[in-house]
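Asks: So here's upload_18.cif (mmCIF, C-alpha atoms, pLDDT in the B column; chains and numbers go by the auth columns).
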data_target
#
loop_
_atom_site.group_PDB
_atom_site.id
_atom_site.type_symbol
_atom_site.label_atom_id
_atom_site.label_comp_id
_atom_site.label_asym_id
_atom_site.label_seq_id
_atom_site.Cartn_x
_atom_site.Cartn_y
_atom_site.Cartn_z
_atom_site.B_iso_or_equiv
_atom_site.auth_seq_id
_atom_site.auth_asym_id
ATOM 1 C CA GLN A 1 0.000 0.000 0.000 83.00 833 C
ATOM 2 C CA LEU A 2 3.019 2.274 0.276 93.00 834 C
ATOM 3 C CA GLN A 3 5.557 2.831 -2.475 93.00 835 C
ATOM 4 C CA ALA A 4 8.730 4.722 -1.701 96.00 836 C
ATOM 5 C CA SER A 5 10.876 6.123 -4.476 97.00 837 C
ATOM 6 C CA GLY A 6 13.374 8.838 -5.292 97.00 838 C
ATOM 7 C CA GLY A 7 16.557 7.512 -3.786 97.00 839 C
ATOM 8 C CA GLY A 8 19.890 7.790 -5.507 97.00 840 C
ATOM 9 C CA SER A 9 23.503 8.818 -5.180 98.00 841 C
ATOM 10 C CA VAL A 10 24.607 12.389 -4.613 98.00 842 C
ATOM 11 C CA GLN A 11 27.634 14.230 -3.364 98.00 843 C
ATOM 12 C CA ALA A 12 27.709 15.865 0.029 98.00 844 C
ATOM 13 C CA GLY A 13 25.798 19.126 -0.020 98.00 845 C
ATOM 14 C CA GLY A 14 23.418 17.878 -2.677 98.00 846 C
ATOM 15 C CA SER A 15 19.681 17.294 -2.542 98.00 847 C
ATOM 16 C CA LEU A 16 17.232 14.491 -3.125 98.00 848 C
ATOM 17 C CA SER A 17 13.464 14.257 -2.891 98.00 849 C
ATOM 18 C CA LEU A 18 11.858 11.048 -1.759 98.00 850 C
ATOM 19 C CA SER A 19 8.236 10.175 -2.426 98.00 851 C
ATOM 20 C CA CYS A 20 5.894 7.848 -0.595 97.00 852 C
ATOM 21 C CA ALA A 21 2.759 7.041 -2.585 95.00 853 C
ATOM 22 C CA ALA A 22 -0.187 5.452 -0.805 91.00 854 C
ATOM 23 C CA SER A 23 -2.954 3.369 -2.314 82.00 855 C
ATOM 24 C CA GLY A 24 -5.736 1.074 -1.257 67.00 856 C
ATOM 25 C CA ARG A 25 -7.038 3.012 1.710 64.00 857 C
ATOM 26 C CA ALA A 26 -8.077 6.606 2.373 77.00 858 C
ATOM 27 C CA PHE A 27 -4.879 8.583 2.301 86.00 859 C
ATOM 28 C CA ALA A 28 -6.348 11.090 4.710 85.00 860 C
ATOM 29 C CA SER A 29 -6.435 8.429 7.408 89.00 861 C
ATOM 30 C CA PHE A 30 -2.663 7.904 7.251 92.00 862 C
ATOM 31 C CA ALA A 31 -0.063 9.770 9.213 95.00 863 C
ATOM 32 C CA ILE A 32 3.284 9.088 7.581 97.00 864 C
ATOM 33 C CA GLY A 33 6.693 8.618 9.062 98.00 865 C
ATOM 34 C CA TRP A 34 10.077 8.270 7.413 98.00 866 C
ATOM 35 C CA PHE A 35 12.749 6.055 8.891 98.00 867 C
ATOM 36 C CA ARG A 36 16.198 5.116 7.714 98.00 868 C
ATOM 37 C CA GLN A 37 18.571 2.283 8.341 98.00 869 C
ATOM 38 C CA ALA A 38 22.275 2.332 7.658 96.00 870 C
ATOM 39 C CA PRO A 39 24.276 -0.888 7.373 92.00 871 C
ATOM 40 C CA GLY A 40 24.912 -2.394 10.766 94.00 872 C
ATOM 41 C CA LYS A 41 22.766 0.164 12.547 96.00 873 C
ATOM 42 C CA ASP A 42 19.279 0.202 14.010 96.00 874 C
ATOM 43 C CA SER A 43 16.380 1.876 12.287 97.00 875 C
ATOM 44 C CA GLU A 44 16.323 5.610 12.933 97.00 876 C
ATOM 45 C CA PHE A 45 13.348 7.941 12.910 98.00 877 C
ATOM 46 C CA VAL A 46 13.697 10.797 10.440 98.00 878 C
ATOM 47 C CA ALA A 47 10.446 12.761 10.145 98.00 879 C
ATOM 48 C CA ALA A 48 6.686 12.460 10.492 98.00 880 C
ATOM 49 C CA ILE A 49 3.640 14.313 9.260 97.00 881 C
ATOM 50 C CA SER A 50 0.097 14.306 10.595 96.00 882 C
ATOM 51 C CA TRP A 51 -3.007 13.149 8.764 92.00 883 C
ATOM 52 C CA THR A 52 -3.874 16.678 7.729 91.00 884 C
ATOM 53 C CA GLY A 53 -0.328 17.786 7.043 94.00 885 C
ATOM 54 C CA ASP A 54 -0.518 20.703 9.433 94.00 886 C
ATOM 55 C CA SER A 55 1.866 19.159 11.940 96.00 887 C
ATOM 56 C CA THR A 56 5.339 17.811 11.382 98.00 888 C
ATOM 57 C CA TYR A 57 8.174 16.530 13.513 98.00 889 C
ATOM 58 C CA TYR A 58 11.840 15.942 12.764 98.00 890 C
ATOM 59 C CA ALA A 59 14.776 14.161 14.260 98.00 891 C
ATOM 60 C CA ASP A 60 17.379 16.619 15.483 98.00 892 C
ATOM 61 C CA SER A 61 19.886 15.201 13.020 97.00 893 C
ATOM 62 C CA VAL A 62 17.825 16.323 10.018 98.00 894 C
ATOM 63 C CA LYS A 63 16.006 19.358 11.356 96.00 895 C
ATOM 64 C CA VAL A 64 16.366 22.387 9.057 95.00 896 C
ATOM 65 C CA ARG A 65 17.868 20.268 6.272 98.00 897 C
ATOM 66 C CA PHE A 66 14.872 17.983 5.572 98.00 898 C
ATOM 67 C CA THR A 67 11.259 18.923 4.920 98.00 899 C
ATOM 68 C CA ILE A 68 8.305 16.555 4.989 98.00 900 C
ATOM 69 C CA SER A 69 5.098 17.455 3.193 98.00 901 C
ATOM 70 C CA ARG A 70 2.034 15.799 1.731 96.00 902 C
ATOM 71 C CA ASP A 71 -0.123 16.245 -1.342 94.00 903 C
ATOM 72 C CA SER A 72 -3.583 14.841 -0.767 90.00 904 C
ATOM 73 C CA ALA A 73 -4.513 15.144 -4.444 90.00 905 C
ATOM 74 C CA LYS A 74 -1.660 12.793 -5.322 92.00 906 C
ATOM 75 C CA ASN A 75 -1.885 10.572 -2.225 93.00 907 C
ATOM 76 C CA THR A 76 1.805 11.202 -1.744 95.00 908 C
ATOM 77 C CA VAL A 77 4.122 12.305 1.025 97.00 909 C
ATOM 78 C CA TYR A 78 7.450 13.872 0.162 98.00 910 C
ATOM 79 C CA LEU A 79 10.738 14.124 1.988 98.00 911 C
ATOM 80 C CA GLN A 80 12.884 16.903 0.582 98.00 912 C
ATOM 81 C CA MET A 81 16.459 16.395 1.688 98.00 913 C
ATOM 82 C CA ASN A 82 18.915 19.260 1.328 98.00 914 C
ATOM 83 C CA SER A 83 22.512 19.745 2.417 98.00 915 C
ATOM 84 C CA LEU A 84 22.982 16.006 2.464 98.00 916 C
ATOM 85 C CA LYS A 85 25.844 14.553 4.458 98.00 917 C
ATOM 86 C CA PRO A 86 27.622 11.195 4.157 97.00 918 C
ATOM 87 C CA GLU A 87 26.006 10.180 7.445 97.00 919 C
ATOM 88 C CA ASP A 88 22.613 10.454 5.750 98.00 920 C
ATOM 89 C CA THR A 89 23.502 7.378 3.706 98.00 921 C
ATOM 90 C CA ALA A 90 20.924 4.689 4.440 98.00 922 C
ATOM 91 C CA VAL A 91 17.912 2.858 3.123 98.00 923 C
ATOM 92 C CA TYR A 92 14.907 5.102 3.663 98.00 924 C
ATOM 93 C CA TYR A 93 11.484 3.690 4.449 98.00 925 C
ATOM 94 C CA CYS A 94 8.085 5.306 4.728 97.00 926 C
ATOM 95 C CA ALA A 95 5.461 3.969 7.080 97.00 927 C
ATOM 96 C CA ALA A 96 1.797 4.669 7.749 95.00 928 C
ATOM 97 C CA ASP A 97 0.079 5.103 11.064 93.00 929 C
ATOM 98 C CA VAL A 98 -3.680 4.737 10.737 90.00 930 C
ATOM 99 C CA ARG A 99 -5.699 7.498 12.308 87.00 931 C
ATOM 100 C CA VAL A 100 -7.746 6.752 15.397 84.00 932 C
ATOM 101 C CA TYR A 101 -10.597 9.223 15.360 84.00 933 C
ATOM 102 C CA GLY A 102 -11.047 11.146 18.542 81.00 934 C
ATOM 103 C CA ARG A 103 -7.331 11.154 19.308 87.00 935 C
ATOM 104 C CA SER A 104 -4.905 13.947 18.609 90.00 936 C
ATOM 105 C CA TRP A 105 -1.887 13.318 16.429 92.00 937 C
ATOM 106 C CA TYR A 106 1.508 13.034 17.931 92.00 938 C
ATOM 107 C CA ALA A 107 4.690 12.060 16.183 94.00 939 C
ATOM 108 C CA LYS A 108 5.464 8.383 16.551 96.00 940 C
ATOM 109 C CA VAL A 109 9.175 7.721 16.441 97.00 941 C
ATOM 110 C CA ILE A 110 9.291 3.970 17.063 97.00 942 C
ATOM 111 C CA PRO A 111 8.954 1.657 14.053 96.00 943 C
ATOM 112 C CA ASN A 112 6.463 -0.738 15.618 96.00 944 C
ATOM 113 C CA GLN A 113 4.010 2.111 16.124 95.00 945 C
ATOM 114 C CA TYR A 114 3.321 2.055 12.384 96.00 946 C
ATOM 115 C CA GLU A 115 0.959 -0.396 10.715 94.00 947 C
ATOM 116 C CA TYR A 116 2.090 -0.336 7.103 93.00 948 C
ATOM 117 C CA TRP A 117 5.490 -0.088 5.481 95.00 949 C
ATOM 118 C CA GLY A 118 6.768 0.566 2.024 93.00 950 C
ATOM 119 C CA GLN A 119 9.845 -0.968 0.515 94.00 951 C
ATOM 120 C CA GLY A 120 13.033 0.974 1.078 95.00 952 C
ATOM 121 C CA THR A 121 14.826 3.316 -1.256 98.00 953 C
ATOM 122 C CA GLN A 122 18.586 3.672 -1.087 98.00 954 C
ATOM 123 C CA VAL A 123 20.177 7.050 -0.490 98.00 955 C
ATOM 124 C CA THR A 124 23.944 7.271 -0.854 98.00 956 C
ATOM 125 C CA VAL A 125 25.843 10.453 -0.098 98.00 957 C
ATOM 126 C CA SER A 126 29.503 10.583 -1.014 97.00 958 C
ATOM 127 C CA SER A 127 32.042 12.969 0.490 94.00 959 C
#
Translate the structure described by the file into structure tokens.
Replies:
Amino acid sequence: QLQASGGGSVQAGGSLSLSCAASGRAFASFAIGWFRQAPGKDSEFVAAISWTGDSTYYADSVKVRFTISRDSAKNTVYLQMNSLKPEDTAVYYCAADVRVYGRSWYAKVIPNQYEYWGQGTQVTVSS
């Protein structure tokens, strides 16, 4: 139900834009999180966006450099990554957290808090 794309190889200081396209269920009911996993390391939270898109949250390591956004018309969430560093090299995954009506959104930063996952997309940043 989630399709991540947009990874690639760039030099340090460059930019990439990742996309996470959702299908099969009402996009508006999904809050989306991005995680990444580097070789030999645990999964790391990167950014999250609420169901409506009016709230976002970032890991300190990417704050200011990355921007998460969503386009409801395209059922897609984007992760714009600027000023990339070699330490950003990882496989990036998007995940969906299904809305529970009556509860306020809060950023979920633990992988098992998400119900659906897309396949990863590789981001490689060379120095």
Asks: Using all atoms listed in the file, which of the listed residues (C:Tyr889, C:Tyr946, C:Phe867, C:Tyr933) sits closest to C:Ala836?
Replies: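 Ranked by minimum distance to C:Ala836, first place goes to C:Phe867.
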Asks: Between atom CA of C:Thr953 and atom CA of C:Asp874, what is the distance in Å, rounded to a tenth?
Replies: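 Here the two named atoms are 16.2 Å from each other.
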Asks: Selected by the PyMOL selection byres ((chain C and resi 957) around 7) in the shown coordinates: which residues, as a PDB file with C-alpha atoms, keeping the file's coordinate frame?
Replies:
ATOM      1  CA  SER C 841      23.503   8.818  -5.180  1.00 98.00           C
ATOM      2  CA  VAL C 842      24.607  12.389  -4.613  1.00 98.00           C
ATOM      3  CA  GLN C 843      27.634  14.230  -3.364  1.00 98.00           C
ATOM      4  CA  ALA C 844      27.709  15.865   0.029  1.00 98.00           C
ATOM      5  CA  LEU C 916      22.982  16.006   2.464  1.00 98.00           C
ATOM      6  CA  LYS C 917      25.844  14.553   4.458  1.00 98.00           C
ATOM      7  CA  PRO C 918      27.622  11.195   4.157  1.00 97.00           C
ATOM      8  CA  ASP C 920      22.613  10.454   5.750  1.00 98.00           C
ATOM      9  CA  THR C 921      23.502   7.378   3.706  1.00 98.00           C
ATOM     10  CA  VAL C 955      20.177   7.050  -0.490  1.00 98.00           C
ATOM     11  CA  THR C 956      23.944   7.271  -0.854  1.00 98.00           C
ATOM     12  CA  SER C 958      29.503  10.583  -1.014  1.00 97.00           C
ATOM     13  CA  SER C 959      32.042  12.969   0.490  1.00 94.00           C
TER      14      SER C 959
END
Asks: Rank C:Trp937, C:Trp866, C:Phe898, C:Tyr910 by their smallest atom-to-atom distance to C:Gly950, using only C-alpha atoms, and report the top residue only.
Replies: C:Trp866
Asks: Could you work out how far atom CA of C:Cys852 lies from atom CA of C:Glu876, giving the answer in Å with one decimal?
Replies: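 Atom-to-atom, atom CA of C:Glu876 to atom CA of C:Cys852, that is 17.2 Å.
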Asks: Provide the atom CA of C:Ile900 to atom CA of C:Leu848 distance in Å, to one decimal place.
Replies: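 Those two atoms sit 12.2 Å apart.
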Asks: Measuring between only C-alpha atoms, which one of C:Tyr938, C:Val923, C:Gly840, C:Gly872 shows the shortest distance to C:Asp886?
Replies: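 With only C-alpha atoms as the atom set, the closest residue is C:Tyr938.
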Asks: Considering all atoms listed in the file, return as a PyMOL selection string whatever protein or nucleic-acid residues lie within 10 Å of C:Val896, sequence-local ones (same chain, fewer than 4 positions apart) excluded.
Replies: chain C and resi 890-892+913-915
Asks: Rebuild all heavy atoms on stretch 946-957 of chain C, as a PDB file, keeping the file's coordinate frame?
Replies:
ATOM      1  N   TYR C 946       3.890   1.887  13.713  1.00 96.00           N
ATOM      2  CA  TYR C 946       3.321   2.055  12.384  1.00 96.00           C
ATOM      3  C   TYR C 946       2.776   0.732  11.867  1.00 96.00           C
ATOM      4  O   TYR C 946       3.373  -0.317  12.070  1.00 96.00           O
ATOM      5  CB  TYR C 946       4.371   2.615  11.420  1.00 96.00           C
ATOM      6  CG  TYR C 946       4.719   4.053  11.720  1.00 96.00           C
ATOM      7  CD1 TYR C 946       5.621   4.372  12.730  1.00 96.00           C
ATOM      8  CD2 TYR C 946       4.130   5.106  11.011  1.00 96.00           C
ATOM      9  CE1 TYR C 946       5.925   5.692  13.041  1.00 96.00           C
ATOM     10  CE2 TYR C 946       4.441   6.425  11.301  1.00 96.00           C
ATOM     11  CZ  TYR C 946       5.329   6.704  12.321  1.00 96.00           C
ATOM     12  OH  TYR C 946       5.627   8.019  12.609  1.00 96.00           O
ATOM     13  N   GLU C 947       1.637   0.816  11.164  1.00 94.00           N
ATOM     14  CA  GLU C 947       0.959  -0.396  10.715  1.00 94.00           C
ATOM     15  C   GLU C 947       1.417  -0.878   9.342  1.00 94.00           C
ATOM     16  O   GLU C 947       1.404  -2.077   9.069  1.00 94.00           O
ATOM     17  CB  GLU C 947      -0.565  -0.173  10.663  1.00 94.00           C
ATOM     18  CG  GLU C 947      -1.233  -0.073  12.038  1.00 94.00           C
ATOM     19  CD  GLU C 947      -1.250   1.331  12.601  1.00 94.00           C
ATOM     20  OE1 GLU C 947      -0.558   2.220  12.056  1.00 94.00           O
ATOM     21  OE2 GLU C 947      -1.970   1.551  13.584  1.00 94.00           O
ATOM     22  N   TYR C 948       1.750   0.041   8.472  1.00 93.00           N
ATOM     23  CA  TYR C 948       2.090  -0.336   7.103  1.00 93.00           C
ATOM     24  C   TYR C 948       3.445   0.246   6.719  1.00 93.00           C
ATOM     25  O   TYR C 948       3.778   1.364   7.112  1.00 93.00           O
ATOM     26  CB  TYR C 948       1.023   0.171   6.112  1.00 93.00           C
ATOM     27  CG  TYR C 948      -0.363  -0.340   6.398  1.00 93.00           C
ATOM     28  CD1 TYR C 948      -1.318   0.489   6.978  1.00 93.00           C
ATOM     29  CD2 TYR C 948      -0.719  -1.650   6.100  1.00 93.00           C
ATOM     30  CE1 TYR C 948      -2.597   0.039   7.246  1.00 93.00           C
ATOM     31  CE2 TYR C 948      -1.998  -2.112   6.371  1.00 93.00           C
ATOM     32  CZ  TYR C 948      -2.922  -1.274   6.937  1.00 93.00           C
ATOM     33  OH  TYR C 948      -4.188  -1.732   7.210  1.00 93.00           O
ATOM     34  N   TRP C 949       4.149  -0.500   5.900  1.00 95.00           N
ATOM     35  CA  TRP C 949       5.490  -0.088   5.481  1.00 95.00           C
ATOM     36  C   TRP C 949       5.646  -0.240   3.986  1.00 95.00           C
ATOM     37  O   TRP C 949       5.129  -1.189   3.382  1.00 95.00           O
ATOM     38  CB  TRP C 949       6.552  -0.939   6.178  1.00 95.00           C
ATOM     39  CG  TRP C 949       6.683  -0.612   7.625  1.00 95.00           C
ATOM     40  CD1 TRP C 949       5.891  -1.057   8.646  1.00 95.00           C
ATOM     41  CD2 TRP C 949       7.648   0.240   8.218  1.00 95.00           C
ATOM     42  NE1 TRP C 949       6.307  -0.521   9.837  1.00 95.00           N
ATOM     43  CE2 TRP C 949       7.391   0.289   9.600  1.00 95.00           C
ATOM     44  CE3 TRP C 949       8.722   0.994   7.710  1.00 95.00           C
ATOM     45  CZ2 TRP C 949       8.160   1.040  10.503  1.00 95.00           C
ATOM     46  CZ3 TRP C 949       9.486   1.741   8.592  1.00 95.00           C
ATOM     47  CH2 TRP C 949       9.213   1.756   9.974  1.00 95.00           C
ATOM     48  N   GLY C 950       6.384   0.697   3.406  1.00 93.00           N
ATOM     49  CA  GLY C 950       6.768   0.566   2.024  1.00 93.00           C
ATOM     50  C   GLY C 950       8.119  -0.112   1.921  1.00 93.00           C
ATOM     51  O   GLY C 950       8.805  -0.320   2.920  1.00 93.00           O
ATOM     52  N   GLN C 951       8.502  -0.425   0.711  1.00 94.00           N
ATOM     53  CA  GLN C 951       9.845  -0.968   0.515  1.00 94.00           C
ATOM     54  C   GLN C 951      10.830   0.183   0.636  1.00 94.00           C
ATOM     55  O   GLN C 951      10.452   1.337   0.533  1.00 94.00           O
ATOM     56  CB  GLN C 951       9.953  -1.669  -0.841  1.00 94.00           C
ATOM     57  CG  GLN C 951      10.374  -0.785  -1.998  1.00 94.00           C
ATOM     58  CD  GLN C 951       9.371   0.275  -2.364  1.00 94.00           C
ATOM     59  OE1 GLN C 951       8.271   0.330  -1.859  1.00 94.00           O
ATOM     60  NE2 GLN C 951       9.796   1.173  -3.241  1.00 94.00           N
ATOM     61  N   GLY C 952      12.063  -0.084   0.896  1.00 95.00           N
ATOM     62  CA  GLY C 952      13.033   0.974   1.078  1.00 95.00           C
ATOM     63  C   GLY C 952      13.564   1.527  -0.221  1.00 95.00           C
ATOM     64  O   GLY C 952      13.462   0.908  -1.286  1.00 95.00           O
ATOM     65  N   THR C 953      14.141   2.713  -0.126  1.00 98.00           N
ATOM     66  CA  THR C 953      14.826   3.316  -1.256  1.00 98.00           C
ATOM     67  C   THR C 953      16.196   3.785  -0.770  1.00 98.00           C
ATOM     68  O   THR C 953      16.309   4.435   0.262  1.00 98.00           O
ATOM     69  CB  THR C 953      13.996   4.471  -1.866  1.00 98.00           C
ATOM     70  OG1 THR C 953      14.646   4.968  -3.028  1.00 98.00           O
ATOM     71  CG2 THR C 953      13.765   5.607  -0.888  1.00 98.00           C
ATOM     72  N   GLN C 954      17.216   3.433  -1.526  1.00 98.00           N
ATOM     73  CA  GLN C 954      18.586   3.672  -1.087  1.00 98.00           C
ATOM     74  C   GLN C 954      19.005   5.112  -1.355  1.00 98.00           C
ATOM     75  O   GLN C 954      18.815   5.633  -2.465  1.00 98.00           O
ATOM     76  CB  GLN C 954      19.544   2.727  -1.816  1.00 98.00           C
ATOM     77  CG  GLN C 954      21.022   2.947  -1.518  1.00 98.00           C
ATOM     78  CD  GLN C 954      21.409   2.533  -0.115  1.00 98.00           C
ATOM     79  OE1 GLN C 954      21.047   1.444   0.341  1.00 98.00           O
ATOM     80  NE2 GLN C 954      22.153   3.393   0.581  1.00 98.00           N
ATOM     81  N   VAL C 955      19.577   5.723  -0.352  1.00 98.00           N
ATOM     82  CA  VAL C 955      20.177   7.050  -0.490  1.00 98.00           C
ATOM     83  C   VAL C 955      21.655   6.923  -0.138  1.00 98.00           C
ATOM     84  O   VAL C 955      22.001   6.449   0.943  1.00 98.00           O
ATOM     85  CB  VAL C 955      19.502   8.070   0.444  1.00 98.00           C
ATOM     86  CG1 VAL C 955      20.274   9.392   0.442  1.00 98.00           C
ATOM     87  CG2 VAL C 955      18.054   8.295   0.012  1.00 98.00           C
ATOM     88  N   THR C 956      22.506   7.329  -1.068  1.00 98.00           N
ATOM     89  CA  THR C 956      23.944   7.271  -0.854  1.00 98.00           C
ATOM     90  C   THR C 956      24.534   8.657  -1.055  1.00 98.00           C
ATOM     91  O   THR C 956      24.340   9.272  -2.105  1.00 98.00           O
ATOM     92  CB  THR C 956      24.603   6.280  -1.817  1.00 98.00           C
ATOM     93  OG1 THR C 956      24.012   4.989  -1.654  1.00 98.00           O
ATOM     94  CG2 THR C 956      26.099   6.181  -1.553  1.00 98.00           C
ATOM     95  N   VAL C 957      25.232   9.132  -0.044  1.00 98.00           N
ATOM     96  CA  VAL C 957      25.843  10.453  -0.098  1.00 98.00           C
ATOM     97  C   VAL C 957      27.351  10.283   0.017  1.00 98.00           C
ATOM     98  O   VAL C 957      27.850   9.759   1.013  1.00 98.00           O
ATOM     99  CB  VAL C 957      25.339  11.369   1.026  1.00 98.00           C
ATOM    100  CG1 VAL C 957      25.919  12.768   0.867  1.00 98.00           C
ATOM    101  CG2 VAL C 957      23.813  11.411   1.026  1.00 98.00           C
TER     102      VAL C 957
END
